[in-house]
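Novice: Sending over coords_26.cif (mmCIF, C-alpha atoms).
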data_my_file
#
loop_
_atom_site.label_atom_id
_atom_site.label_comp_id
_atom_site.auth_asym_id
_atom_site.auth_seq_id
_atom_site.Cartn_x
_atom_site.Cartn_y
_atom_site.Cartn_z
CA MET A 20 32.44 31.26 40.14
CA ARG A 21 33.10 33.36 37.13
CA VAL A 22 33.56 32.09 33.58
CA GLU A 23 35.60 34.19 31.20
CA PRO A 24 33.75 35.63 28.19
CA ARG A 25 33.98 33.51 25.15
CA HIS A 26 34.31 36.53 22.78
CA ALA A 27 36.39 39.49 24.04
CA ALA A 28 36.67 42.76 22.08
CA ARG A 29 39.79 42.81 19.91
CA PRO A 30 42.27 45.72 20.33
CA GLY A 31 42.21 48.29 17.65
CA ARG A 32 38.59 47.73 16.72
CA SER A 33 36.67 50.92 15.93
CA PRO A 34 34.19 52.26 18.52
CA VAL A 35 31.37 51.97 16.00
CA ALA A 36 32.13 48.34 15.34
CA SER A 37 32.48 47.67 19.05
CA GLY A 38 29.20 49.42 19.75
CA LEU A 39 27.43 47.50 16.99
CA LYS A 40 28.81 44.27 18.35
CA SER A 41 27.68 45.16 21.85
CA LEU A 42 24.19 45.95 20.55
CA ILE A 43 23.98 42.64 18.68
CA THR A 44 25.32 40.76 21.69
CA ALA A 45 22.77 42.45 23.93
CA LEU A 46 19.93 41.54 21.60
CA VAL A 47 21.10 37.93 21.48
CA ALA A 48 21.52 37.86 25.26
CA GLY A 49 18.05 39.30 25.68
CA ALA A 50 16.64 36.64 23.38
CA LEU A 51 18.48 33.93 25.29
CA MET A 52 17.31 35.29 28.62
CA ALA A 53 13.77 35.33 27.28
CA ALA A 54 14.18 31.78 25.98
CA VAL A 55 15.08 30.46 29.42
CA PRO A 56 11.69 31.21 31.02
CA PHE A 57 10.00 30.03 27.82
CA ALA A 58 11.75 26.66 28.04
CA THR A 59 10.87 26.47 31.71
CA LEU A 60 7.24 27.21 30.89
CA ALA A 61 7.18 24.52 28.18
CA THR A 62 8.59 21.98 30.60
CA ALA A 63 6.21 23.08 33.32
CA GLN A 64 3.29 22.62 30.98
CA ALA A 65 4.36 19.03 30.57
CA ALA A 66 4.42 18.90 34.40
CA GLU A 67 0.72 19.73 34.71
CA GLU A 68 0.78 23.43 33.77
CA GLN A 69 3.39 24.44 36.42
CA SER A 70 1.07 23.23 39.19
CA TYR A 71 3.15 20.15 39.83
CA ARG A 72 4.51 20.04 43.35
CA LEU A 73 7.90 18.46 43.79
CA GLY A 74 8.43 15.44 45.99
CA VAL A 75 11.03 13.00 47.20
CA MET A 76 12.91 11.17 44.40
CA ASP A 77 12.09 13.80 41.75
CA LYS A 78 15.19 14.53 39.67
CA LEU A 79 15.72 18.15 38.57
CA ARG A 80 17.87 19.64 35.81
CA VAL A 81 19.38 22.95 36.93
CA ARG A 82 21.05 25.58 34.72
CA VAL A 83 22.28 29.00 35.88
CA ALA A 84 23.43 31.92 33.70
CA GLU A 85 24.40 35.53 34.42
CA TRP A 86 24.37 38.48 32.01
CA GLN A 87 27.46 40.60 32.15
CA ALA A 88 26.41 43.96 30.75
CA ALA A 89 29.91 45.45 30.81
CA GLU A 90 31.34 42.64 28.77
CA GLY A 91 28.23 42.00 26.68
CA GLU A 92 28.40 38.28 27.42
CA ILE A 93 26.34 35.56 29.11
CA ARG A 94 28.32 33.65 31.67
CA SER A 95 27.23 30.10 32.44
CA TRP A 96 27.60 28.64 35.95
CA ASP A 97 28.72 25.18 34.89
CA ALA A 98 29.75 24.25 38.42
CA ILE A 99 26.11 24.41 39.50
CA ALA A 100 24.47 23.13 36.33
CA GLY A 101 23.51 19.49 36.34
CA GLU A 102 20.90 17.03 37.54
CA TYR A 103 20.00 16.69 41.21
CA SER A 104 17.58 14.47 43.10
CA ILE A 105 15.38 15.56 45.98
CA GLY A 106 16.47 13.63 49.04
CA PRO A 107 14.38 11.67 51.54
CA GLY A 108 13.95 14.74 53.71
CA GLY A 109 12.71 16.84 50.81
CA GLY A 110 15.96 18.81 50.43
CA LEU A 111 17.72 19.74 47.19
CA SER A 112 21.50 20.04 47.77
CA LEU A 113 23.44 22.34 45.40
CA PRO A 114 27.07 23.56 45.29
CA PHE A 115 27.71 27.02 46.80
CA ILE A 116 24.10 27.09 48.01
CA GLY A 117 23.64 24.13 50.27
CA SER A 118 20.26 22.53 50.89
CA ILE A 119 16.98 24.01 49.64
CA ASP A 120 13.68 22.75 50.95
CA ALA A 121 12.04 21.60 47.70
CA LEU A 122 9.23 19.48 49.05
CA GLY A 123 5.85 20.73 47.81
CA LYS A 124 7.33 23.57 45.76
CA THR A 125 7.19 24.18 42.02
CA THR A 126 10.17 24.35 39.66
CA SER A 127 9.64 28.13 39.29
CA GLU A 128 9.86 28.63 43.03
CA ILE A 129 13.06 26.55 43.19
CA ALA A 130 14.61 28.55 40.30
CA GLU A 131 13.81 31.82 42.04
CA GLU A 132 15.25 30.53 45.31
CA ILE A 133 18.48 29.44 43.59
CA GLY A 134 18.96 32.88 42.02
CA LYS A 135 18.39 34.69 45.32
CA ARG A 136 20.72 32.38 47.26
CA LEU A 137 23.54 32.82 44.73
CA GLN A 138 23.18 36.60 44.74
CA GLN A 139 23.20 36.74 48.54
CA GLN A 140 26.00 34.28 49.24
CA LEU A 141 28.33 35.41 46.44
CA ALA A 142 27.48 39.12 46.69
CA LEU A 143 26.62 39.34 43.01
CA ARG A 144 25.57 42.62 41.52
CA ASN A 145 23.04 41.09 39.15
CA LEU A 146 20.51 38.42 39.95
CA PRO A 147 21.53 35.17 38.19
CA SER A 148 18.91 33.59 36.01
CA ALA A 149 18.23 29.98 37.08
CA SER A 150 16.33 27.46 35.00
CA VAL A 151 14.90 24.41 36.76
CA GLU A 152 12.99 21.65 35.01
CA VAL A 153 11.97 18.14 35.94
CA ALA A 154 14.44 15.74 34.38
CA GLU A 155 12.79 12.66 35.81
CA PHE A 156 9.61 12.40 37.86
CA ARG A 157 9.53 10.28 40.97
CA PRO A 158 8.35 6.77 40.10
CA VAL A 159 4.99 5.15 40.56
CA PHE A 160 4.54 1.84 42.34
CA LEU A 161 2.32 -1.09 41.46
CA ALA A 162 1.12 -3.64 43.97
CA GLY A 163 -1.37 -6.49 44.03
CA ASP A 164 -2.54 -8.71 41.20
CA VAL A 165 -0.09 -7.61 38.50
CA GLN A 166 2.50 -9.77 36.82
CA THR A 167 5.53 -7.82 38.10
CA PRO A 168 4.80 -5.55 41.08
CA GLY A 169 7.37 -2.88 41.82
CA GLU A 170 8.68 0.58 40.95
CA TYR A 171 8.23 2.08 37.46
CA PRO A 172 9.19 5.47 35.96
CA PHE A 173 6.46 8.04 35.63
CA SER A 174 5.70 9.78 32.35
CA VAL A 175 3.38 12.69 31.68
CA GLY A 176 -0.13 11.51 30.82
CA MET A 177 0.34 8.11 32.43
CA THR A 178 -2.90 6.29 33.29
CA VAL A 179 -3.61 3.25 35.44
CA LEU A 180 -3.87 1.10 32.31
CA LYS A 181 -0.43 2.24 31.07
CA ALA A 182 1.10 1.56 34.49
CA VAL A 183 -0.40 -1.94 34.62
CA SER A 184 0.97 -2.56 31.12
CA LEU A 185 4.45 -1.61 32.31
CA ALA A 186 4.05 -4.20 35.07
CA GLY A 187 3.32 -6.92 32.52
CA GLY A 188 -0.46 -6.82 32.83
CA LEU A 189 -2.62 -8.77 35.24
CA ARG A 190 -1.01 -11.59 37.15
CA ARG A 191 -0.96 -14.93 35.42
CA SER A 192 0.74 -18.15 36.33
CA GLU A 193 2.39 -20.83 34.22
CA ALA A 194 -0.84 -22.80 34.53
CA GLY A 195 -2.95 -19.76 33.69
CA GLN A 196 -5.03 -21.59 31.10
CA ARG A 197 -5.89 -24.33 33.57
CA PHE A 198 -6.98 -21.78 36.16
CA ALA A 199 -9.03 -19.98 33.51
CA ARG A 200 -10.70 -23.30 32.65
CA ASP A 201 -11.37 -23.95 36.33
CA PHE A 202 -12.88 -20.50 36.59
CA ILE A 203 -15.17 -21.11 33.60
CA ASN A 204 -16.35 -24.47 34.98
CA ALA A 205 -16.98 -23.10 38.44
CA ARG A 206 -18.74 -20.06 36.99
CA GLY A 207 -21.03 -22.23 34.84
CA GLN A 208 -21.93 -24.48 37.77
CA THR A 209 -22.58 -21.44 39.92
CA GLU A 210 -25.02 -20.05 37.34
CA VAL A 211 -26.92 -23.38 37.35
CA PHE A 212 -26.95 -23.43 41.15
CA ASP A 213 -28.09 -19.79 41.26
CA SER A 214 -31.05 -20.64 39.01
CA GLN A 215 -31.99 -23.64 41.14
CA ARG A 216 -31.61 -21.59 44.28
CA ALA A 217 -33.95 -18.90 42.94
CA ARG A 218 -36.61 -21.53 42.20
CA LEU A 219 -36.24 -23.03 45.67
CA ILE A 220 -36.56 -19.61 47.30
CA ALA A 221 -39.75 -18.99 45.31
CA ARG A 222 -41.08 -22.41 46.35
CA HIS A 223 -40.23 -21.65 49.97
CA ALA A 224 -42.20 -18.40 49.77
CA ARG A 225 -45.18 -20.29 48.28
CA LEU A 226 -45.11 -22.91 51.04
CA GLU A 227 -45.05 -20.17 53.67
CA ALA A 228 -48.08 -18.55 52.04
CA GLU A 229 -49.91 -21.90 51.97
CA MET A 230 -49.13 -22.62 55.61
CA ASN A 231 -50.19 -19.13 56.70
CA GLY A 232 -53.30 -19.14 54.52
CA SER A 233 -52.15 -16.04 52.63
CA PRO A 234 -53.89 -15.35 49.30
CA GLU A 235 -50.69 -14.19 47.56
CA VAL A 236 -47.02 -15.22 47.46
CA VAL A 237 -44.85 -12.36 48.72
CA MET A 238 -41.65 -11.59 46.78
CA PRO A 239 -38.69 -12.62 49.00
CA ALA A 240 -35.88 -10.12 49.51
CA GLU A 241 -33.37 -12.65 48.10
CA LEU A 242 -35.13 -12.51 44.71
CA GLN A 243 -35.30 -8.72 44.39
CA LYS A 244 -32.33 -8.59 41.98
CA VAL A 245 -33.01 -11.86 40.15
CA PRO A 246 -34.05 -11.12 36.52
CA ASN A 247 -36.84 -13.74 36.27
CA ALA A 248 -38.07 -13.35 39.86
CA ALA A 249 -41.51 -12.08 38.80
CA ASP A 250 -42.04 -15.10 36.54
CA LEU A 251 -41.03 -17.47 39.32
CA ILE A 252 -43.46 -15.86 41.77
CA ARG A 253 -46.29 -15.94 39.20
CA SER A 254 -45.65 -19.64 38.55
CA GLU A 255 -45.64 -20.48 42.25
CA THR A 256 -48.78 -18.38 42.81
CA ALA A 257 -50.60 -20.29 40.06
CA LEU A 258 -49.47 -23.61 41.55
CA MET A 259 -50.61 -22.51 45.02
CA LYS A 260 -54.04 -21.55 43.68
CA GLN A 261 -54.39 -24.87 41.85
CA ARG A 262 -53.43 -26.90 44.91
CA ARG A 263 -55.65 -24.87 47.22
CA ASP A 264 -58.61 -25.14 44.85
CA ARG A 265 -58.21 -28.92 44.77
CA TYR A 266 -57.97 -29.02 48.57
CA ASP A 267 -61.06 -26.83 48.95
CA LEU A 268 -62.98 -29.03 46.49
CA GLN A 269 -62.13 -32.14 48.51
CA LEU A 270 -63.28 -30.45 51.71
CA LYS A 271 -66.44 -29.29 49.98
CA ALA A 272 -67.16 -32.81 48.67
CA LEU A 273 -66.80 -34.26 52.15
CA ALA A 274 -69.03 -31.55 53.58
CA GLU A 275 -71.69 -32.27 50.95
CA LEU A 276 -71.43 -36.02 51.64
CA LYS A 277 -71.94 -35.44 55.34
CA SER A 278 -74.88 -33.17 54.61
CA LEU A 279 -76.50 -35.85 52.42
CA LEU A 280 -75.93 -38.55 55.02
CA GLN A 281 -77.35 -36.33 57.72
CA SER A 282 -80.43 -35.73 55.60
CA GLU A 283 -80.74 -39.46 55.06
CA VAL A 284 -80.58 -40.03 58.81
CA GLU A 285 -83.30 -37.47 59.40
CA ALA A 286 -85.50 -39.09 56.73
CA LEU A 287 -84.96 -42.52 58.23
CA LYS A 288 -85.87 -41.21 61.65
CA ARG A 289 -89.11 -39.84 60.30
CA LYS A 290 -89.78 -43.17 58.58
CA THR A 291 -89.10 -44.90 61.90
CA GLU A 292 -91.77 -42.82 63.55
CA THR A 293 -94.29 -43.75 60.86
CA GLN A 294 -93.43 -47.43 61.07
CA SER A 295 -93.67 -47.30 64.85
CA ARG A 296 -97.21 -45.95 64.66
CA GLN A 297 -98.13 -48.61 62.13
CA LEU A 298 -96.63 -51.26 64.41
CA GLU A 299 -98.63 -49.90 67.31
CA ILE A 300 -101.86 -50.05 65.28
CA ALA A 301 -101.05 -53.55 64.03
CA GLU A 302 -100.40 -54.77 67.55
CA GLN A 303 -103.72 -53.28 68.75
CA ASP A 304 -105.58 -54.99 65.88
CA ARG A 305 -103.79 -58.25 66.66
CA ASP A 306 -104.87 -58.10 70.31
CA LYS A 307 -108.50 -57.46 69.36
CA ILE A 308 -108.59 -60.24 66.78
CA SER A 309 -106.89 -62.58 69.20
CA LYS A 310 -109.63 -62.01 71.83
CA LEU A 311 -112.37 -62.41 69.25
CA SER A 312 -110.76 -65.60 68.00
CA GLU A 313 -110.68 -66.99 71.52
CA GLN A 314 -114.39 -66.25 71.78
CA GLY A 315 -115.00 -67.88 68.41
CA LEU A 316 -116.06 -64.60 66.85
CA ALA A 317 -113.14 -64.28 64.40
CA LEU A 318 -111.46 -66.58 61.95
CA ASN A 319 -107.91 -67.78 62.51
CA SER A 320 -106.97 -66.67 59.02
CA ARG A 321 -107.66 -63.08 59.95
CA LEU A 322 -105.46 -63.42 63.03
CA LEU A 323 -102.70 -64.87 60.89
CA SER A 324 -102.90 -61.94 58.48
CA ILE A 325 -102.58 -59.46 61.33
CA GLU A 326 -99.56 -61.36 62.67
CA GLU A 327 -97.84 -61.21 59.30
CA ARG A 328 -98.48 -57.49 59.00
CA THR A 329 -97.04 -56.88 62.46
CA ALA A 330 -93.93 -58.88 61.69
CA GLU A 331 -93.46 -56.96 58.42
CA VAL A 332 -93.64 -53.62 60.21
CA GLN A 333 -91.17 -54.82 62.82
CA SER A 334 -88.80 -55.97 60.04
CA ASN A 335 -89.05 -52.53 58.37
CA LEU A 336 -88.17 -50.87 61.65
CA LEU A 337 -85.10 -53.05 61.98
CA ASP A 338 -84.03 -52.17 58.41
CA ILE A 339 -84.52 -48.48 59.11
CA ASP A 340 -82.44 -48.68 62.28
CA THR A 341 -79.76 -50.52 60.37
CA ASN A 342 -79.72 -47.83 57.66
CA ILE A 343 -79.54 -45.10 60.29
CA LEU A 344 -76.56 -46.79 61.90
CA ARG A 345 -74.90 -47.20 58.49
CA ALA A 346 -75.50 -43.49 57.61
CA LYS A 347 -74.12 -42.38 60.97
CA GLN A 348 -71.08 -44.59 60.40
CA GLN A 349 -70.55 -42.98 56.98
CA ILE A 350 -70.86 -39.53 58.56
CA SER A 351 -68.23 -40.50 61.09
CA GLN A 352 -66.02 -41.78 58.27
CA ALA A 353 -66.49 -38.50 56.37
CA ASP A 354 -65.48 -36.59 59.51
CA GLN A 355 -62.38 -38.74 59.80
CA ASP A 356 -61.62 -38.24 56.09
CA GLU A 357 -61.89 -34.49 56.59
CA ILE A 358 -59.52 -34.60 59.56
CA ASN A 359 -57.10 -36.79 57.61
CA LEU A 360 -57.28 -34.46 54.61
CA LYS A 361 -56.44 -31.44 56.76
CA ASN A 362 -53.67 -33.29 58.58
CA ASP A 363 -52.22 -34.57 55.30
CA TRP A 364 -52.37 -31.05 53.88
CA GLU A 365 -50.43 -29.60 56.81
CA ALA A 366 -48.04 -32.55 56.98
CA GLN A 367 -47.29 -32.35 53.25
CA ARG A 368 -46.64 -28.60 53.52
CA ALA A 369 -44.30 -29.19 56.45
CA LYS A 370 -42.47 -31.96 54.60
CA ASP A 371 -42.18 -29.86 51.43
CA MET A 372 -40.83 -26.98 53.52
CA GLN A 373 -38.29 -29.23 55.22
CA ASP A 374 -37.15 -30.71 51.89
CA THR A 375 -36.92 -27.25 50.32
CA GLU A 376 -34.83 -25.88 53.18
CA ALA A 377 -32.54 -28.92 53.00
CA GLU A 378 -32.06 -28.42 49.24
CA LEU A 379 -31.40 -24.71 49.78
CA GLU A 380 -28.77 -25.45 52.38
CA LYS A 381 -27.11 -27.94 50.05
CA LEU A 382 -27.16 -25.47 47.15
CA ASN A 383 -25.73 -22.68 49.31
CA LEU A 384 -22.84 -24.95 50.24
CA GLN A 385 -22.26 -25.83 46.59
CA ILE A 386 -22.41 -22.18 45.56
CA GLY A 387 -19.96 -21.28 48.32
CA THR A 388 -17.59 -24.01 47.20
CA ASN A 389 -17.71 -22.83 43.58
CA GLN A 390 -17.14 -19.23 44.61
CA GLN A 391 -14.07 -20.33 46.53
CA LEU A 392 -12.86 -22.18 43.44
CA MET A 393 -13.42 -19.06 41.34
CA ALA A 394 -11.58 -16.91 43.88
CA GLU A 395 -8.68 -19.38 43.94
CA ALA A 396 -8.52 -19.39 40.14
CA MET A 397 -8.33 -15.60 40.12
CA ALA A 398 -5.76 -15.62 42.93
CA GLN A 399 -3.55 -17.86 40.78
CA SER A 400 -4.21 -16.02 37.53
CA ALA A 401 -6.00 -12.67 37.60
CA GLU A 402 -6.48 -12.87 33.85
CA ALA A 403 -9.02 -15.67 34.47
CA ILE A 404 -11.45 -12.91 35.34
CA LYS A 405 -11.82 -11.92 31.68
CA PHE A 406 -13.58 -15.23 31.03
CA ASP A 407 -16.55 -14.14 33.14
CA PRO A 408 -19.02 -13.02 30.41
CA SER A 409 -21.62 -11.54 32.73
CA GLY A 410 -19.27 -9.30 34.67
CA ARG A 411 -21.61 -9.62 37.64
CA THR A 412 -19.65 -11.85 39.95
CA ALA A 413 -16.01 -11.01 39.28
CA SER A 414 -14.07 -7.83 38.63
CA ILE A 415 -10.71 -6.12 38.82
CA ARG A 416 -10.68 -3.25 41.29
CA TYR A 417 -8.16 -0.41 41.04
CA SER A 418 -7.28 2.11 43.71
CA VAL A 419 -4.61 4.78 43.99
CA VAL A 420 -2.80 5.70 47.20
CA ARG A 421 -1.75 9.34 46.89
CA ASP A 422 -0.07 11.74 49.29
CA ASP A 423 -1.07 15.32 48.54
CA GLY A 424 0.88 16.69 51.48
CA THR A 425 -1.76 15.94 54.10
CA GLY A 426 -1.00 12.25 54.38
CA PRO A 427 -1.62 9.19 52.18
CA LYS A 428 -5.20 8.67 51.01
CA GLU A 429 -6.68 5.83 48.99
CA ILE A 430 -9.03 6.79 46.18
CA ALA A 431 -11.04 4.60 43.81
CA ALA A 432 -9.80 4.50 40.24
CA ASP A 433 -10.34 2.86 36.88
CA GLU A 434 -8.14 2.08 33.89
CA MET A 435 -8.40 5.64 32.52
CA THR A 436 -7.56 7.42 35.78
CA ARG A 437 -4.59 9.77 35.28
CA LEU A 438 -1.71 9.22 37.66
CA GLN A 439 0.62 11.56 39.47
CA PRO A 440 4.26 10.96 40.32
CA GLY A 441 4.67 8.92 43.50
CA ASP A 442 1.25 7.26 43.25
CA VAL A 443 0.86 3.69 44.46
CA ILE A 444 -1.56 1.69 42.28
CA ARG A 445 -3.22 -1.25 44.00
CA VAL A 446 -4.77 -3.89 41.72
CA THR A 447 -7.17 -6.36 43.31
CA SER A 448 -9.09 -9.17 41.68
CA GLU A 449 -12.21 -9.80 43.69
CA LEU A 450 -15.33 -11.95 43.56
CA LEU A 451 -18.57 -10.04 44.08
CA MET A 452 -21.05 -12.18 46.00
CA GLN A 453 -24.68 -12.02 44.94
#
Could you spell out this file's structure in structure tokens?
Specialist:
Amino acid sequence: MRVEPRHAARPGRSPVASGLKSLITALVAGALMAAVPFATLATAQAAEEQSYRLGVMDKLRVRVAEWQAAEGEIRSWDAIAGEYSIGPGGGLSLPFIGSIDALGKTTSEIAEEIGKRLQQQLALRNLPSASVEVAEFRPVFLAGDVQTPGEYPFSVGMTVLKAVSLAGGLRRSEAGQRFARDFINARGQTEVFDSQRARLIARHARLEAEMNGSPEVVMPAELQKVPNAADLIRSETALMKQRRDRYDLQLKALAELKSLLQSEVEALKRKTETQSRQLEIAEQDRDKISKLSEQGLALNSRLLSIEERTAEVQSNLLDIDTNILRAKQQISQADQDEINLKNDWEAQRAKDMQDTEAELEKLNLQIGTNQQLMAEAMAQSAEAIKFDPSGRTASIRYSVVRDDGTGPKEIAADEMTRLQPGDVIRVTSELLMQ
């Protein structure tokens, strides 16, 4: 297509005037021709320093001009100029040219291709100057826990935070405040349960050390990330030492009692031997006196005295035997007390362990229930997550699905991550289990 010059030379004009006009027109045309790449460069800088690769749904603004040296005019190809979108197959369809494969190319490459195609197909003497700039980038898409998921226009410098703002922010329901309140209540209860659980885990470790006879309480793996874990272990270690010292003192007292009773038995046995010899001597004296009394050589009073002495010795022997039996009975009782003490110690440890494990199981169920409540609150209103002051158990996770020409890939992102046209931003509210 050819467009007639807007300013033709008037008849009768002097050659000097015509030449001056041609010179001025040429200078202006040169400036305009130079301005076209400059405008393209400025636009390309906005499109990531001309490194932006075109994709499906990008809309381009095309302008084509041709310098006619003989006429000293710039002719504009208005039939081609306009805005065009890159189709699903990556093609850019233009009048007189047909389809150009634009997928993955830059605007400069498309402009050069347009000029070459026009020159070839229309047999032009001069290469037309084409200007191609991005009129509208392909949109970005938001999915997940945002208020209004969908398609949104891309703008240069767009970040994840700006895109989420376009989508109305994080998802919230009509009952958002109620879900936020539910989240706060469940979070507070979970913190209490977590503290109780940490104490029970420390107690469980202490009971295991007591049952195994270990001198120290080993730090459980579940408490490695608990802030006050060291204090809990120190407290349980001190309690274990106190209980074990008391147990050892009771065993020592029983051992000393048995030792004393055994010594008493040994002393009584020695006393029995002495009394037995005295009884033997008394019985011999009684027999002699009895014979002398029968012969009339001894008084009956003397015989009576010997009889009394013999009976006294026999009575002492009976008392000693009784004391020995009593001491042995006390030793047996001390042995039984020692056995009972050891059995009670082991039974109490086993019972404490059973009770602790039951409480832990109950707390784990309660913590699980509260975490489900927190997750449900966030599922209903993602903004509930901002009420978690610790930031340890709940968070918003961002990721970007981007196709760089080698296939879609998901990459981790944050609020300040810069986006590219065609990106899919996935927003997920998640509960991080401890």
Novice: So what does the PyMOL selection byres ((chain A and resi 82) around 6) actually pick up in this one, as a list in words?
Specialist: Val81, Val83, Ala100, Ala149 and Ser150 of chain A
Novice: For this file, the PyMOL selection byres ((chain A and resi 113-120) around 12) selects which residues, as a PyMOL selection string?
Specialist: chain A and resi 20+73-75+79-83+96-112+121-126+128-141
Novice: Which is closest to A:Ala286 among A:Ile325, A:Ile300, A:Met230, A:Ile339, if we use only C-alpha atoms?
Specialist: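 Comparing A:Ile325, A:Ile300, A:Met230, A:Ile339 against A:Ala286, the winner is A:Ile339.
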Novice: Point out the residue among A:Arg144, A:Arg206, A:Lys78, A:Arg263 with the least atom-to-atom distance to A:Thr388, counting only C-alpha atoms.
Specialist: A:Arg206
Novice: Apply the PyMOL selection byres ((chain A and resi 370-384) around 7) to the displayed file and report the matching residues as a VMD selection string.
Specialist: chain A and resid 212 216 219 223 226 366 to 369 385 to 388
Novice: Can those selected residues be exported to a file as a PDB file, in the frame of the given file so that it contains C-alpha atoms?
Specialist:
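Contents of again-v8.pdb, freshly written:
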ATOM      1  CA  PHE A 212     -26.950 -23.430  41.150  1.00  0.00           C
ATOM      2  CA  ARG A 216     -31.610 -21.590  44.280  1.00  0.00           C
ATOM      3  CA  LEU A 219     -36.240 -23.030  45.670  1.00  0.00           C
ATOM      4  CA  HIS A 223     -40.230 -21.650  49.970  1.00  0.00           C
ATOM      5  CA  LEU A 226     -45.110 -22.910  51.040  1.00  0.00           C
ATOM      6  CA  ALA A 366     -48.040 -32.550  56.980  1.00  0.00           C
ATOM      7  CA  GLN A 367     -47.290 -32.350  53.250  1.00  0.00           C
ATOM      8  CA  ARG A 368     -46.640 -28.600  53.520  1.00  0.00           C
ATOM      9  CA  ALA A 369     -44.300 -29.190  56.450  1.00  0.00           C
ATOM     10  CA  GLN A 385     -22.260 -25.830  46.590  1.00  0.00           C
ATOM     11  CA  ILE A 386     -22.410 -22.180  45.560  1.00  0.00           C
ATOM     12  CA  GLY A 387     -19.960 -21.280  48.320  1.00  0.00           C
ATOM     13  CA  THR A 388     -17.590 -24.010  47.200  1.00  0.00           C
TER      14      THR A 388
END
Novice: Neighbours of A:Leu438 within 10 Å (all atoms listed in the file; same-chain residues fewer than 4 positions away dropped), as an MDAnalysis selection string?
Specialist: chainID A and resid 159 173:182 419 421 432 442:444
Novice: Quick one, how far is atom CA of A:Gln297 from atom CA of A:Leu344?
Specialist: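 Straight-line distance from atom CA of A:Gln297 to atom CA of A:Leu344 works out to 21.6 Å.
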Novice: Could you work out how far atom CA of A:Asp164 lies from atom CA of A:Arg416, giving the answer in Å with one decimal?
Specialist: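 Atom-to-atom, atom CA of A:Arg416 to atom CA of A:Asp164, that is 9.8 Å.
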Novice: So which one's closest to A:Ser414, A:Thr447, A:Gln355, A:Ser148, A:Asn389? Using all atoms listed in the file, please.
Specialist: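 Using all atoms listed in the file, A:Ser414 sits closest to A:Thr447.
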Novice: Using only C-alpha atoms for the distances, tell me which of A:Ala272, A:Val165, A:Met76, A:Val245 is nearest to A:Tyr417.
Specialist: A:Val165
Novice: Quick check, in Å to one decimal: how far apart do atom CA of A:Phe156 and atom CA of A:Thr436 lie?
Specialist: 18.0 Å
Novice: Which residues are near A:Asp423? Cut-off 10 Å, all atoms listed in the file, ignore same chain within fewer than 3 positions. Put them as a list of chain:residue names.
Specialist: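 Using all atoms listed in the file, the neighbours found are A:Arg72, A:Gly74, A:Gly123, A:Val420, A:Gly426, A:Pro427, A:Lys428, A:Gln439, A:Gly441, A:Asp442.
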Novice: Please determine, counting all atoms listed in the file, which residue among A:Glu331, A:Asp250, A:Glu255, A:Asp213 has the shortest atom-to-atom distance to A:Arg225.
Specialist: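 Closest candidate: A:Glu255.
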Novice: May I have the residues within 12 Å of A:Leu337 as an MDAnalysis selection string, using all atoms listed in the file and disregarding those fewer than 2 positions away in the same chain?
Specialist: chainID A and resid 287:288 290:291 294:295 298 330:335 339:344
Novice: For A:Ile252, which residue among A:Glu85, A:Ala217, A:Leu268, A:Ala186 is the nearest when counting only C-alpha atoms?
Specialist: A:Ala217
Novice: Can you take the partial stretch 163-169 of chain A, add N, CA, C and O atoms, and return it as a compact mmCIF listing (two decimals), in the frame of the given file?
Specialist:
# COMPACT_ATOMS: atom_id res chain seq x y z
N GLY A 163 -0.16 -5.68 44.15
CA GLY A 163 -1.37 -6.49 44.03
C GLY A 163 -1.28 -7.48 42.89
O GLY A 163 -0.22 -8.05 42.59
N ASP A 164 -2.40 -7.66 42.21
CA ASP A 164 -2.54 -8.71 41.20
C ASP A 164 -2.03 -8.27 39.84
O ASP A 164 -2.77 -8.21 38.85
N VAL A 165 -0.75 -7.90 39.78
CA VAL A 165 -0.09 -7.61 38.50
C VAL A 165 1.05 -8.61 38.34
O VAL A 165 1.54 -9.20 39.31
N GLN A 166 1.49 -8.76 37.10
CA GLN A 166 2.50 -9.77 36.82
C GLN A 166 3.83 -9.47 37.52
O GLN A 166 4.46 -10.35 38.08
N THR A 167 4.25 -8.20 37.49
CA THR A 167 5.53 -7.82 38.10
C THR A 167 5.35 -6.58 38.95
O THR A 167 5.52 -5.45 38.46
N PRO A 168 4.95 -6.73 40.21
CA PRO A 168 4.80 -5.55 41.08
C PRO A 168 6.16 -4.87 41.26
O PRO A 168 7.22 -5.50 41.16
N GLY A 169 6.11 -3.58 41.56
CA GLY A 169 7.37 -2.88 41.82
C GLY A 169 7.32 -1.42 41.44
O GLY A 169 6.24 -0.81 41.31
